[in-house]
$ cat protein-v7.pdb   # PDB, C-alpha atoms, pLDDT in the B column
ATOM      1  CA  MET G   1      32.798  -2.434  21.630  1.00 46.00           C
ATOM      2  CA  ASN G   2      29.439  -3.355  20.099  1.00 54.00           C
ATOM      3  CA  PRO G   3      29.535  -5.456  16.913  1.00 66.00           C
ATOM      4  CA  ILE G   4      28.667  -3.744  13.632  1.00 76.00           C
ATOM      5  CA  PRO G   5      24.955  -4.384  12.869  1.00 84.00           C
ATOM      6  CA  TYR G   6      24.242  -6.706   9.966  1.00 92.00           C
ATOM      7  CA  LEU G   7      23.084  -5.244   6.658  1.00 95.00           C
ATOM      8  CA  PRO G   8      22.535  -7.312   3.485  1.00 96.00           C
ATOM      9  CA  ALA G   9      25.584  -7.606   1.248  1.00 94.00           C
ATOM     10  CA  GLY G  10      23.606  -8.674  -1.822  1.00 95.00           C
ATOM     11  CA  THR G  11      20.144  -8.314  -3.336  1.00 96.00           C
ATOM     12  CA  VAL G  12      17.054  -8.649  -1.139  1.00 98.00           C
ATOM     13  CA  TYR G  13      14.043 -10.375  -2.697  1.00 97.00           C
ATOM     14  CA  GLY G  14      10.547 -10.359  -1.254  1.00 96.00           C
ATOM     15  CA  THR G  15       7.896 -12.989  -1.933  1.00 95.00           C
ATOM     16  CA  LEU G  16       4.220 -12.197  -2.471  1.00 92.00           C
ATOM     17  CA  LEU G  17       1.186 -14.418  -1.854  1.00 93.00           C
ATOM     18  CA  ASN G  18       3.130 -17.059   0.076  1.00 96.00           C
ATOM     19  CA  PHE G  19       0.828 -17.226   3.089  1.00 97.00           C
ATOM     20  CA  ARG G  20      -2.341 -19.290   2.867  1.00 96.00           C
ATOM     21  CA  ARG G  21      -4.720 -16.603   4.138  1.00 96.00           C
ATOM     22  CA  GLU G  22      -3.692 -13.971   1.612  1.00 92.00           C
ATOM     23  CA  HIS G  23      -3.390 -16.509  -1.194  1.00 91.00           C
ATOM     24  CA  ALA G  24      -6.982 -17.596  -0.510  1.00 93.00           C
ATOM     25  CA  LEU G  25      -8.210 -13.980  -0.448  1.00 90.00           C
ATOM     26  CA  TRP G  26      -6.608 -13.311  -3.845  1.00 86.00           C
ATOM     27  CA  ALA G  27      -7.530 -16.660  -5.440  1.00 87.00           C
ATOM     28  CA  PRO G  28     -10.887 -15.463  -6.880  1.00 86.00           C
ATOM     29  CA  ARG G  29      -9.046 -12.687  -8.782  1.00 82.00           C
ATOM     30  CA  MET G  30      -6.135 -14.719 -10.099  1.00 81.00           C
ATOM     31  CA  ASN G  31      -7.954 -15.569 -13.329  1.00 79.00           C
ATOM     32  CA  ASP G  32      -8.681 -11.911 -14.080  1.00 78.00           C
ATOM     33  CA  ALA G  33      -6.650  -9.740 -16.471  1.00 72.00           C
ATOM     34  CA  PRO G  34      -3.811  -9.172 -17.012  1.00 69.00           C
ATOM     35  CA  TYR G  35      -2.458 -12.646 -16.150  1.00 70.00           C
ATOM     36  CA  LYS G  36      -5.677 -14.722 -16.333  1.00 79.00           C
ATOM     37  CA  ALA G  37      -4.173 -17.603 -14.339  1.00 80.00           C
ATOM     38  CA  PRO G  38      -2.763 -18.276 -10.879  1.00 80.00           C
ATOM     39  CA  PRO G  39       1.033 -17.894 -10.604  1.00 84.00           C
ATOM     40  CA  ASN G  40       2.896 -21.174 -11.083  1.00 88.00           C
ATOM     41  CA  ALA G  41       6.184 -19.885  -9.655  1.00 91.00           C
ATOM     42  CA  PRO G  42       7.067 -17.673  -6.684  1.00 95.00           C
ATOM     43  CA  VAL G  43       6.045 -14.031  -7.155  1.00 91.00           C
ATOM     44  CA  LEU G  44       9.090 -11.915  -6.293  1.00 93.00           C
ATOM     45  CA  TYR G  45       9.977  -8.254  -5.912  1.00 93.00           C
ATOM     46  CA  ILE G  46      13.201  -6.477  -4.938  1.00 94.00           C
ATOM     47  CA  LYS G  47      14.033  -4.320  -1.927  1.00 96.00           C
ATOM     48  CA  THR G  48      16.753  -1.981  -3.202  1.00 95.00           C
ATOM     49  CA  ALA G  49      19.887  -1.092  -1.220  1.00 96.00           C
ATOM     50  CA  ASN G  50      18.597   2.392  -0.330  1.00 97.00           C
ATOM     51  CA  THR G  51      15.902   0.759   1.824  1.00 97.00           C
ATOM     52  CA  TYR G  52      18.177  -1.098   4.265  1.00 98.00           C
ATOM     53  CA  THR G  53      17.863   0.132   7.871  1.00 98.00           C
ATOM     54  CA  ALA G  54      19.666  -1.593  10.736  1.00 97.00           C
ATOM     55  CA  SER G  55      17.851  -2.550  13.922  1.00 97.00           C
ATOM     56  CA  GLY G  56      17.778   0.313  16.406  1.00 96.00           C
ATOM     57  CA  HIS G  57      17.832   2.969  13.697  1.00 97.00           C
ATOM     58  CA  PRO G  58      14.856   5.184  12.758  1.00 98.00           C
ATOM     59  CA  ILE G  59      12.784   4.857   9.602  1.00 98.00           C
ATOM     60  CA  ALA G  60      11.527   8.146   8.174  1.00 97.00           C
ATOM     61  CA  LEU G  61       8.101   8.696   6.629  1.00 97.00           C
ATOM     62  CA  PRO G  62       8.314  10.923   3.517  1.00 94.00           C
ATOM     63  CA  PRO G  63       6.624  14.340   3.602  1.00 93.00           C
ATOM     64  CA  GLY G  64       2.888  14.012   3.154  1.00 92.00           C
ATOM     65  CA  VAL G  65       2.770  10.353   4.229  1.00 94.00           C
ATOM     66  CA  GLY G  66       0.790   9.808   7.417  1.00 93.00           C
ATOM     67  CA  GLU G  67       0.930   6.026   7.716  1.00 97.00           C
ATOM     68  CA  VAL G  68       2.886   3.096   6.325  1.00 97.00           C
ATOM     69  CA  GLU G  69       2.372  -0.660   6.374  1.00 97.00           C
ATOM     70  CA  VAL G  70       4.737  -2.834   8.399  1.00 98.00           C
ATOM     71  CA  SER G  71       5.174  -6.577   7.970  1.00 97.00           C
ATOM     72  CA  ALA G  72       7.233  -9.165   9.840  1.00 98.00           C
ATOM     73  CA  SER G  73       9.189 -11.585   7.685  1.00 98.00           C
ATOM     74  CA  LEU G  74      12.114 -13.959   7.833  1.00 98.00           C
ATOM     75  CA  GLY G  75      14.959 -13.528   5.359  1.00 98.00           C
ATOM     76  CA  LEU G  76      16.944 -16.544   4.147  1.00 98.00           C
ATOM     77  CA  VAL G  77      20.562 -15.480   3.637  1.00 98.00           C
ATOM     78  CA  ALA G  78      22.464 -17.171   0.812  1.00 97.00           C
ATOM     79  CA  GLY G  79      25.868 -18.705   1.459  1.00 96.00           C
ATOM     80  CA  GLU G  80      28.419 -20.305  -0.800  1.00 94.00           C
ATOM     81  CA  GLY G  81      27.281 -23.037  -3.163  1.00 92.00           C
ATOM     82  CA  GLY G  82      23.658 -21.928  -3.404  1.00 90.00           C
ATOM     83  CA  VAL G  83      22.684 -23.038   0.087  1.00 95.00           C
ATOM     84  CA  VAL G  84      21.060 -21.112   2.924  1.00 97.00           C
ATOM     85  CA  ALA G  85      23.690 -19.960   5.411  1.00 96.00           C
ATOM     86  CA  GLY G  86      21.311 -18.436   7.936  1.00 97.00           C
ATOM     87  CA  ALA G  87      18.206 -16.382   8.591  1.00 98.00           C
ATOM     88  CA  VAL G  88      17.471 -12.860   9.772  1.00 98.00           C
ATOM     89  CA  LEU G  89      14.366 -11.011  10.975  1.00 98.00           C
ATOM     90  CA  CYS G  90      12.971  -8.421   8.563  1.00 98.00           C
ATOM     91  CA  ASN G  91      10.446  -5.588   8.666  1.00 98.00           C
ATOM     92  CA  ASP G  92       9.132  -5.032   5.143  1.00 97.00           C
ATOM     93  CA  VAL G  93       7.793  -1.451   5.170  1.00 98.00           C
ATOM     94  CA  ALA G  94       5.601  -0.162   2.333  1.00 95.00           C
ATOM     95  CA  LEU G  95       3.351   2.690   1.365  1.00 94.00           C
ATOM     96  CA  PRO G  96      -0.247   1.410   1.427  1.00 90.00           C
ATOM     97  CA  HIS G  97      -1.231   0.043  -1.981  1.00 78.00           C
ATOM     98  CA  GLU G  98      -3.775  -2.363  -3.386  1.00 71.00           C
ATOM     99  CA  SER G  99      -2.458  -4.178  -6.445  1.00 64.00           C
ATOM    100  CA  TYR G 100       0.068  -6.948  -6.954  1.00 59.00           C
ATOM    101  CA  TYR G 101      -0.340  -6.829 -10.733  1.00 56.00           C
ATOM    102  CA  ARG G 102       2.665  -4.594 -11.376  1.00 57.00           C
ATOM    103  CA  PRO G 103       6.071  -4.453  -9.655  1.00 55.00           C
ATOM    104  CA  PRO G 104       5.404  -2.302  -6.552  1.00 63.00           C
ATOM    105  CA  VAL G 105       8.726  -0.462  -6.780  1.00 71.00           C
ATOM    106  CA  LYS G 106       7.579   3.012  -5.744  1.00 79.00           C
ATOM    107  CA  TYR G 107       5.567   1.662  -2.800  1.00 84.00           C
ATOM    108  CA  ARG G 108       8.201  -0.658  -1.324  1.00 90.00           C
ATOM    109  CA  ASN G 109      11.513   1.018  -2.148  1.00 91.00           C
ATOM    110  CA  VAL G 110      11.315   4.373  -0.395  1.00 95.00           C
ATOM    111  CA  ASP G 111      14.553   5.260   1.404  1.00 96.00           C
ATOM    112  CA  GLY G 112      14.881   3.267   4.633  1.00 97.00           C
ATOM    113  CA  PHE G 113      11.846   1.038   4.067  1.00 98.00           C
ATOM    114  CA  PHE G 114      13.458  -2.259   5.082  1.00 98.00           C
ATOM    115  CA  GLY G 115      14.270  -2.927   8.719  1.00 98.00           C
ATOM    116  CA  VAL G 116      16.740  -5.774   9.190  1.00 98.00           C
ATOM    117  CA  GLY G 117      17.868  -7.674  12.276  1.00 97.00           C
ATOM    118  CA  ASP G 118      21.303  -6.984  13.710  1.00 94.00           C
ATOM    119  CA  ALA G 119      22.633 -10.530  13.237  1.00 94.00           C
ATOM    120  CA  VAL G 120      22.143 -13.578  11.005  1.00 96.00           C
ATOM    121  CA  ARG G 121      21.250 -16.796  12.828  1.00 96.00           C
ATOM    122  CA  PRO G 122      23.117 -19.751  11.265  1.00 96.00           C
ATOM    123  CA  LEU G 123      20.913 -22.508   9.830  1.00 93.00           C
ATOM    124  CA  THR G 124      21.648 -26.103   8.917  1.00 89.00           C
ATOM    125  CA  ASP G 125      18.099 -27.466   8.575  1.00 94.00           C
ATOM    126  CA  LEU G 126      15.360 -25.361   6.989  1.00 96.00           C
ATOM    127  CA  SER G 127      12.664 -27.714   8.263  1.00 95.00           C
ATOM    128  CA  THR G 128      13.185 -26.314  11.776  1.00 94.00           C
ATOM    129  CA  LEU G 129      11.647 -23.027  10.620  1.00 97.00           C
ATOM    130  CA  ALA G 130       8.189 -24.582  10.261  1.00 96.00           C
ATOM    131  CA  SER G 131       7.507 -24.093  13.977  1.00 97.00           C
ATOM    132  CA  LEU G 132       8.748 -20.490  14.059  1.00 98.00           C
ATOM    133  CA  VAL G 133       6.297 -17.711  14.945  1.00 98.00           C
ATOM    134  CA  LEU G 134       7.088 -14.049  14.314  1.00 98.00           C
ATOM    135  CA  GLU G 135       5.482 -11.511  16.635  1.00 98.00           C
ATOM    136  CA  LEU G 136       5.021  -7.854  15.683  1.00 98.00           C
ATOM    137  CA  ARG G 137       4.351  -5.243  18.364  1.00 98.00           C
ATOM    138  CA  VAL G 138       3.678  -1.535  17.986  1.00 98.00           C
ATOM    139  CA  ASP G 139       4.587   0.478  21.083  1.00 98.00           C
ATOM    140  CA  GLY G 140       4.585  -2.770  23.040  1.00 98.00           C
ATOM    141  CA  VAL G 141       1.112  -3.866  21.899  1.00 98.00           C
ATOM    142  CA  MET G 142       0.845  -7.129  19.952  1.00 98.00           C
ATOM    143  CA  ARG G 143      -0.493  -6.400  16.478  1.00 98.00           C
ATOM    144  CA  GLN G 144       0.248  -9.611  14.551  1.00 98.00           C
ATOM    145  CA  ARG G 145       1.539 -13.157  14.998  1.00 98.00           C
ATOM    146  CA  THR G 146       2.909 -14.764  11.815  1.00 98.00           C
ATOM    147  CA  ALA G 147       3.325 -18.555  11.832  1.00 98.00           C
ATOM    148  CA  LEU G 148       5.670 -20.001   9.226  1.00 98.00           C
ATOM    149  CA  ALA G 149       3.573 -23.172   9.374  1.00 98.00           C
ATOM    150  CA  ASP G 150       1.069 -21.203   7.259  1.00 98.00           C
ATOM    151  CA  LEU G 151       3.388 -20.729   4.273  1.00 98.00           C
ATOM    152  CA  VAL G 152       2.152 -21.885   0.855  1.00 97.00           C
ATOM    153  CA  ARG G 153       5.737 -22.850  -0.001  1.00 97.00           C
ATOM    154  CA  ASP G 154       7.771 -23.695   3.079  1.00 98.00           C
ATOM    155  CA  ALA G 155      11.280 -22.280   3.347  1.00 98.00           C
ATOM    156  CA  ALA G 156      13.007 -25.222   1.665  1.00 97.00           C
ATOM    157  CA  THR G 157      10.488 -25.421  -1.187  1.00 98.00           C
ATOM    158  CA  LEU G 158      10.575 -21.676  -1.792  1.00 98.00           C
ATOM    159  CA  TRP G 159      14.377 -21.676  -1.867  1.00 98.00           C
ATOM    160  CA  ALA G 160      14.454 -24.559  -4.349  1.00 97.00           C
ATOM    161  CA  ASP G 161      11.742 -23.076  -6.579  1.00 97.00           C
ATOM    162  CA  VAL G 162      13.462 -19.683  -6.776  1.00 97.00           C
ATOM    163  CA  ASN G 163      16.856 -21.238  -7.475  1.00 96.00           C
ATOM    164  CA  ALA G 164      15.274 -23.209 -10.308  1.00 95.00           C
ATOM    165  CA  PHE G 165      15.067 -20.003 -12.388  1.00 94.00           C
ATOM    166  CA  GLN G 166      17.703 -17.727 -10.820  1.00 94.00           C
ATOM    167  CA  SER G 167      20.865 -18.306  -8.810  1.00 94.00           C
ATOM    168  CA  MET G 168      20.985 -16.848  -5.318  1.00 96.00           C
ATOM    169  CA  ARG G 169      24.468 -15.432  -4.820  1.00 96.00           C
ATOM    170  CA  PRO G 170      26.315 -15.305  -1.490  1.00 96.00           C
ATOM    171  CA  GLY G 171      24.909 -12.431   0.542  1.00 96.00           C
ATOM    172  CA  ASP G 172      21.537 -12.345  -1.247  1.00 98.00           C
ATOM    173  CA  VAL G 173      18.443 -12.486   0.956  1.00 98.00           C
ATOM    174  CA  LEU G 174      15.108 -14.142   0.133  1.00 98.00           C
ATOM    175  CA  MET G 175      12.187 -13.207   2.375  1.00 98.00           C
ATOM    176  CA  VAL G 176       9.720 -16.063   2.791  1.00 98.00           C
ATOM    177  CA  GLY G 177       6.813 -13.625   2.559  1.00 97.00           C
ATOM    178  CA  THR G 178       4.566 -11.559   4.810  1.00 96.00           C
ATOM    179  CA  ASP G 179       1.147 -12.456   6.123  1.00 97.00           C
ATOM    180  CA  CYS G 180      -1.920 -10.238   6.159  1.00 95.00           C
ATOM    181  CA  LEU G 181      -4.491  -9.663   8.871  1.00 96.00           C
ATOM    182  CA  GLU G 182      -7.908 -11.323   8.668  1.00 94.00           C
ATOM    183  CA  ASP G 183      -9.327  -8.495   6.543  1.00 93.00           C
ATOM    184  CA  GLY G 184      -6.434  -8.665   4.076  1.00 92.00           C
ATOM    185  CA  SER G 185      -4.700  -5.544   5.376  1.00 94.00           C
ATOM    186  CA  ARG G 186      -1.381  -5.166   7.222  1.00 96.00           C
ATOM    187  CA  PRO G 187      -0.583  -3.304  10.430  1.00 97.00           C
ATOM    188  CA  ARG G 188      -0.046   0.419   9.928  1.00 98.00           C
ATOM    189  CA  VAL G 189       2.129   2.809  11.899  1.00 98.00           C
ATOM    190  CA  LYS G 190       2.699   6.552  12.009  1.00 98.00           C
ATOM    191  CA  ALA G 191       5.536   8.837  13.052  1.00 98.00           C
ATOM    192  CA  GLY G 192       6.256   8.382  16.741  1.00 98.00           C
ATOM    193  CA  ASP G 193       5.489   4.654  16.752  1.00 98.00           C
ATOM    194  CA  SER G 194       8.044   1.978  17.581  1.00 98.00           C
ATOM    195  CA  VAL G 195       7.865  -1.469  15.956  1.00 98.00           C
ATOM    196  CA  GLU G 196       9.433  -4.564  17.508  1.00 98.00           C
ATOM    197  CA  ILE G 197       9.601  -7.939  15.730  1.00 98.00           C
ATOM    198  CA  THR G 198      10.610 -10.991  17.733  1.00 98.00           C
ATOM    199  CA  ALA G 199      10.998 -14.743  17.241  1.00 98.00           C
ATOM    200  CA  THR G 200      12.532 -17.490  19.337  1.00 97.00           C
ATOM    201  CA  GLY G 201      16.277 -17.695  18.806  1.00 95.00           C
ATOM    202  CA  PHE G 202      16.609 -14.251  17.201  1.00 96.00           C
ATOM    203  CA  SER G 203      17.606 -10.874  18.590  1.00 91.00           C
ATOM    204  CA  PRO G 204      14.616  -8.457  18.504  1.00 96.00           C
ATOM    205  CA  LEU G 205      14.359  -6.161  15.492  1.00 98.00           C
ATOM    206  CA  VAL G 206      13.349  -2.674  16.593  1.00 98.00           C
ATOM    207  CA  ASN G 207      12.775   0.433  14.479  1.00 98.00           C
ATOM    208  CA  HIS G 208      11.276   3.768  15.534  1.00 98.00           C
ATOM    209  CA  PHE G 209       9.308   5.729  12.941  1.00 98.00           C
ATOM    210  CA  ILE G 210       9.851   9.451  12.482  1.00 97.00           C
ATOM    211  CA  GLN G 211       8.590  12.120  10.103  1.00 96.00           C
ATOM    212  CA  GLU G 212      11.076  13.248   7.510  1.00 90.00           C
ATOM    213  CA  ALA G 213      11.703  16.964   7.605  1.00 81.00           C
ATOM    214  CA  THR G 214      10.320  18.951   4.673  1.00 72.00           C
TER     215      THR G 214
END

$ encode --input "protein-v7.pdb" --output "structure tokens"
Amino acid sequence: MNPIPYLPAGTVYGTLLNFRREHALWAPRMNDAPYKAPPNAPVLYIKTANTYTASGHPIALPPGVGEVEVSASLGLVAGEGGVVAGAVLCNDVALPHESYYRPPVKYRNVDGFFGVGDAVRPLTDLSTLASLVLELRVDGVMRQRTALADLVRDAATLWADVNAFQSMRPGDVLMVGTDCLEDGSRPRVKAGDSVEITATGFSPLVNHFIQEAT
């Protein structure tokens, strides 16, 4: 009998602007309205429970949507006592959008828009994640390599900074962020495409994209 695939038991938080390339691309605009200053704490958003899709299961594009953005990330899973119990591969799916200045709820929280690996890898030392590289392939073709060495806040720093203003409860997941391509965009996929995210020591995360029936 196959084990039941993992799905988050708590709240999933995403982190914006935590890769150096994207942070640098946005830096010239950080002093513009409405905030008029760079963020001094992690910029978070929530992936709601309706978005969770286990590895091996399809993700449906809503009627009228031709393409969506896909992004490889690593989720830190909270254990007892406010520590990280393990990590899991994530595929943060979103409708294409341009602004980070308002909570991107309607773009990121469409039904099924969060692919999650089938098992949590236990962790005892967050510093070991610095050498991890996430690879994202579409139909077997490499589309992006994401190195956690390029984080603005490494995993341990991000975890500490977030817990300084909110408590991560057992089962909560904190994604370390997603990187952009050189032009600031993210890989896009359409119905019929299959996305595979891999990293050393983790089971592959695979989701096939379909068109939702009208």

$ resolve_selection --input "protein-v7.pdb" --expression "the PyMOL selection byres ((chain G and resi 157-169) around 8)" --output "tab-separated table (two decimals) with C-alpha atoms, in the coordinates of the input"
chain	number	residue	atom	x	y	z
G	10	GLY	CA	23.61	-8.67	-1.82
G	41	ALA	CA	6.18	-19.89	-9.65
G	42	PRO	CA	7.07	-17.67	-6.68
G	78	ALA	CA	22.46	-17.17	0.81
G	79	GLY	CA	25.87	-18.70	1.46
G	80	GLU	CA	28.42	-20.30	-0.80
G	82	GLY	CA	23.66	-21.93	-3.40
G	153	ARG	CA	5.74	-22.85	0.00
G	154	ASP	CA	7.77	-23.70	3.08
G	155	ALA	CA	11.28	-22.28	3.35
G	156	ALA	CA	13.01	-25.22	1.66
G	170	PRO	CA	26.32	-15.30	-1.49
G	171	GLY	CA	24.91	-12.43	0.54
G	172	ASP	CA	21.54	-12.34	-1.25
G	174	LEU	CA	15.11	-14.14	0.13
G	176	VAL	CA	9.72	-16.06	2.79

$ closest_residue --input "protein-v7.pdb" --among "G:Ala94, G:Val88, G:Met175, G:Ala149" --to "G:Ala130" --atoms "all atoms listed in the file"
G:Ala149

$ atom_distance --input "protein-v7.pdb" --atom1 "atom CA of G:Asp193" --atom2 "atom CA of G:Leu148"
25.8 Å

$ closest_residue --input "protein-v7.pdb" --among "G:Gly56, G:Val77, G:Ala199, G:Val12" --to "G:Pro122" --atoms "all atoms listed in the file"
G:Val77

$ residues_around --input "protein-v7.pdb" --residues "stretch 114-120 of chain G" --least-positions-apart "6" --cutoff "9 Å" --atoms "only C-alpha atoms" --output "NGL selection string"
:G and (3-8 or 47-48 or 50-57 or 59 or 75 or 77 or 85-94 or 108 or 197 or 202-207)

$ atom_distance --input "protein-v7.pdb" --atom1 "atom CA of G:Gly177" --atom2 "atom CA of G:Val65"
24.4 Å

$ atom_distance --input "protein-v7.pdb" --atom1 "atom CA of G:Arg121" --atom2 "atom CA of G:Ile210"
28.6 Å

$ closest_residue --input "protein-v7.pdb" --among "G:Val152, G:Leu61, G:Val70, G:Ala213" --to "G:Ser185" --atoms "all atoms listed in the file"
G:Val70

$ residues_around --input "protein-v7.pdb" --residues "stretch 18-31 of chain G" --least-positions-apart "2" --cutoff "9 Å" --atoms "only C-alpha atoms" --output "ChimeraX atom specification"
/G:15-16,33-39,42-43,148,150-154,158,176-184

$ resolve_selection --input "protein-v7.pdb" --expression "the PyMOL selection byres ((chain G and resi 45) around 6)" --output "list in words"
Tyr13, Gly14, Leu44 and Ile46 of chain G

$ resolve_selection --input "protein-v7.pdb" --expression "the PyMOL selection byres ((chain G and resi 190) around 6)" --output "CSV table (one decimal) with C-alpha atoms, in the frame of the given file"
chain,number,residue,atom,x,y,z
G,66,GLY,CA,0.8,9.8,7.4
G,67,GLU,CA,0.9,6.0,7.7
G,189,VAL,CA,2.1,2.8,11.9
G,191,ALA,CA,5.5,8.8,13.1
G,193,ASP,CA,5.5,4.7,16.8

$ closest_residue --input "protein-v7.pdb" --among "G:Ser127, G:Gln144, G:Thr200, G:Thr11" --to "G:Ala72" --atoms "only C-alpha atoms"
G:Gln144

$ closest_residue --input "protein-v7.pdb" --among "G:Leu17, G:Val84, G:Met142, G:Ala60" --to "G:Val195" --atoms "only C-alpha atoms"
G:Met142

$ build_atoms --input "protein-v7.pdb" --residues "stretch 2-18 of chain G" --atoms "N, CA and C atoms" --output "short mmCIF file (atom, residue, chain, number, x, y, z; two decimals), in the frame of the given file"
data_model
loop_
_atom_site.label_atom_id
_atom_site.label_comp_id
_atom_site.auth_asym_id
_atom_site.auth_seq_id
_atom_site.Cartn_x
_atom_site.Cartn_y
_atom_site.Cartn_z
N ASN G 2 30.57 -2.63 20.67
CA ASN G 2 29.44 -3.36 20.10
C ASN G 2 29.76 -3.80 18.68
N PRO G 3 29.30 -5.00 18.28
CA PRO G 3 29.54 -5.46 16.91
C PRO G 3 28.80 -4.59 15.91
N ILE G 4 29.32 -4.52 14.68
CA ILE G 4 28.67 -3.74 13.63
C ILE G 4 27.37 -4.45 13.24
N PRO G 5 26.22 -3.74 13.22
CA PRO G 5 24.96 -4.38 12.87
C PRO G 5 25.01 -4.96 11.46
N TYR G 6 24.31 -6.07 11.28
CA TYR G 6 24.24 -6.71 9.97
C TYR G 6 23.41 -5.86 9.01
N LEU G 7 23.88 -5.75 7.77
CA LEU G 7 23.08 -5.24 6.66
C LEU G 7 23.34 -6.17 5.47
N PRO G 8 22.35 -6.41 4.62
CA PRO G 8 22.54 -7.31 3.48
C PRO G 8 23.68 -6.88 2.58
N ALA G 9 24.46 -7.87 2.15
CA ALA G 9 25.58 -7.61 1.25
C ALA G 9 25.22 -7.84 -0.21
N GLY G 10 24.04 -8.39 -0.46
CA GLY G 10 23.61 -8.67 -1.82
C GLY G 10 22.23 -8.11 -2.08
N THR G 11 21.49 -8.74 -2.98
CA THR G 11 20.14 -8.31 -3.34
C THR G 11 19.13 -8.93 -2.39
N VAL G 12 18.14 -8.14 -1.98
CA VAL G 12 17.05 -8.65 -1.14
C VAL G 12 15.81 -8.83 -2.00
N TYR G 13 15.26 -10.04 -1.96
CA TYR G 13 14.04 -10.38 -2.70
C TYR G 13 12.90 -10.62 -1.71
N GLY G 14 11.75 -10.06 -2.01
CA GLY G 14 10.55 -10.36 -1.25
C GLY G 14 9.68 -11.33 -2.02
N THR G 15 8.80 -12.02 -1.32
CA THR G 15 7.90 -12.99 -1.93
C THR G 15 6.46 -12.60 -1.61
N LEU G 16 5.63 -12.53 -2.64
CA LEU G 16 4.22 -12.20 -2.47
C LEU G 16 3.37 -13.47 -2.46
N LEU G 17 2.21 -13.37 -1.81
CA LEU G 17 1.19 -14.42 -1.85
C LEU G 17 1.71 -15.77 -1.40
N ASN G 18 2.59 -15.78 -0.39
CA ASN G 18 3.13 -17.06 0.08
C ASN G 18 2.60 -17.45 1.45
#
